[in-house]
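Undergrad: Got a structure here, written out as structure tokens. Questions coming.
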Amino acid sequence: MVKKLVLIGAATALLAPGVASAAQKRGAIVKIDAKTGLVAVAQSRGAVALVHVQTVRGLRPGAIVAFNARYLKNGTFAGTRVRVVGRARRFHVRAFVIGVRKSKRTAILSARGAVLSVRLPKRVRSLASAHGGDTPTPGSVTDVTVSVSGDGSLAATQVKEVNPSASAGQISGKVTAVGSGSITVADGGGSVTMNVPSGIDVSKYAVGADVLAYFDAAADGTYTLKAVGANGSETEADDESEVEGDVAAAEQEVETEDEAGDDEAGGGGNSSSSSGDGGSVSGGSDD
């Protein structure tokens, strides 16, 4: 299935899971991991793609990039011919709320796996749900309009709750613990501990390994691993032997949850202001 993406007035094609050929993609950089060469790019309607690039030289959060993308086995992409074509002053990010640090007015979000620390405005109301409040709710999916400062930090100008009780999410980060029947993945101040069901072998993922994990979220606050794959490099990400679980099914669940509130929310955001061409969850929550 091919989805039409619209970002900053340009239409591009989104590569469907399982398609090996490259496709043109374009979006605003949200986060860069220089050690692994993993770049998070915000696309249409705030959906974020995790892209493995050969070099991050010249790339900065907020830059608008165009590139060729090839889908990898763990659900990320390999990006080639990456070029900066402009800069976004603000853009939308659709994300699962891992936690909220109320005293610091900061939300820890997972945007299709990319863990983001976003400074909240002084007053936030839920615009798409009856579950109003002055902060986003952990376990919900929100559409956040963000701006990028010179140091790469993110600040929200608007937060819109689109799904108050999401049942699926994902996180990219390092394995911090592998217990009897559980695994914990953490990055950027947020962590997710997931129960491991029978049929998924996590023994291959040592503490310190970079992974992308997909999880189901239950109403009681517990989380269950749905799929996981090594994510320390493009080679690892495209190695089927390093993947456990059904990535395609897990991706579809996350996408469904991200889009669940679009009708009530007025369809979410899909534009950016730019220049140029253009088991448990922890996010450091406090009272």
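The chains in the structure tokens are called A, B, ... from first to last as shown; in each chain the residues are counted from 1, and the ligands are counted from 1 in the order shown.
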Counting only C-alpha atoms, which residues in region 141-254 of chain A sit no more than 7 Å from region 88-93 of chain A? For each one, give the nearest pair of atoms and the distance in Å, sorted by chain then residue number, as a Markdown table.
TA:
```
| residue | atom | partner | partner_atom | distance |
| --- | --- | --- | --- | --- |
| A:Asp143 | CA | A:Val93 | CA | 5.7 |
| A:Val144 | CA | A:Val93 | CA | 5.2 |
| A:Thr145 | CA | A:His92 | CA | 4.5 |
| A:Val146 | CA | A:Arg90 | CA | 5.4 |
| A:Ser147 | CA | A:Arg90 | CA | 4.4 |
| A:Val148 | CA | A:Arg89 | CA | 6.9 |
```
Undergrad: Based on the selection just made, write N, CA and C atoms of those residues as a tab-separated table (two decimals), in the first residue's frame.
TA:
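See result-v5.tsv below for the written result:
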```
chain	number	residue	atom	x	y	z
A	143	ASP	N	-0.75	14.83	19.35
A	143	ASP	CA	-0.20	15.53	18.19
A	143	ASP	C	0.39	16.83	18.73
A	144	VAL	N	1.70	16.96	18.63
A	144	VAL	CA	2.40	18.09	19.22
A	144	VAL	C	3.00	18.97	18.13
A	145	THR	N	2.71	20.26	18.20
A	145	THR	CA	3.37	21.22	17.32
A	145	THR	C	4.62	21.69	18.05
A	146	VAL	N	5.79	21.47	17.45
A	146	VAL	CA	7.04	21.78	18.12
A	146	VAL	C	7.88	22.76	17.31
A	147	SER	N	8.72	23.48	18.04
A	147	SER	CA	9.74	24.33	17.43
A	147	SER	C	11.09	23.86	17.94
A	148	VAL	N	12.14	24.14	17.17
A	148	VAL	CA	13.49	23.68	17.52
A	148	VAL	C	14.37	24.88	17.83
```
Undergrad: List every residue of region 162-228 of chain A that has an atom at most 9 Å from any atom of region 68-80 of chain A, giving for each one its closest atom pair and the distance in Å to one decimal, counting only C-alpha atoms, sorted by chain and then by ascending residue number, as CSV.
TA:
```
residue,atom,partner,partner_atom,distance
A:Val211,CA,A:Asn74,CA,9.0
A:Leu212,CA,A:Asn74,CA,7.2
A:Ala213,CA,A:Asn74,CA,8.9
A:Ala227,CA,A:Asn74,CA,8.7
A:Val228,CA,A:Asn74,CA,7.2
```
Undergrad: Save out the residues we just selected, C-alpha atoms, as a short mmCIF file (atom, residue, chain, number, x, y, z; two decimals), in the first residue's frame.
TA:
```cif
data_model
loop_
_atom_site.label_atom_id
_atom_site.label_comp_id
_atom_site.auth_asym_id
_atom_site.auth_seq_id
_atom_site.Cartn_x
_atom_site.Cartn_y
_atom_site.Cartn_z
CA VAL A 211 17.05 -2.14 19.63
CA LEU A 212 13.68 -1.02 18.31
CA ALA A 213 10.88 -2.59 20.35
CA ALA A 227 8.24 -7.44 18.29
CA VAL A 228 11.86 -6.34 18.61
#
```
Undergrad: Quick one: DSSP strand (DSSP E) residues in region 74-257 of chain A, as a PyMOL selection string?
TA: chain A and resi 77-101+106-111+114-119+141-148+154-163+168-179+182-187+190-195+210-217+223-230+243-245
Undergrad: Restricting the calculation to only C-alpha atoms: of A:Thr193, A:Ser167, A:Thr176, A:Thr135, which residue gets closest to Gly208 (chain A)?
TA: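 That would be A:Thr176, the residue with the smallest distance to Gly208 (chain A).
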Undergrad: Pick the closest to Glu257 (chain A) from A:Phe67, A:Tyr205, A:Tyr214, A:Phe96: which is it, counting only C-alpha atoms?
TA: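 Residue with the minimum atom-to-atom distance to Glu257 (chain A): A:Phe96.
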Undergrad: Looking at only C-alpha atoms, which of A:Thr235, A:Pro164, A:Ala63, A:Pro197 is the one that sits closest to Val41 (chain A)?
TA: A:Ala63
Undergrad: Considering only C-alpha atoms, state which residue in the set A:Arg94, A:Lys25, A:Arg105, A:Arg119 is at the smallest distance from Gly46 (chain A).
TA: A:Arg94
Undergrad: Rounded to one decimal place, report the CA of Ala47 (chain A)-CA of Gly86 (chain A) distance in Å.
TA: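 Going from CA of Ala47 (chain A) over to CA of Gly86 (chain A), I get 19.1 Å.
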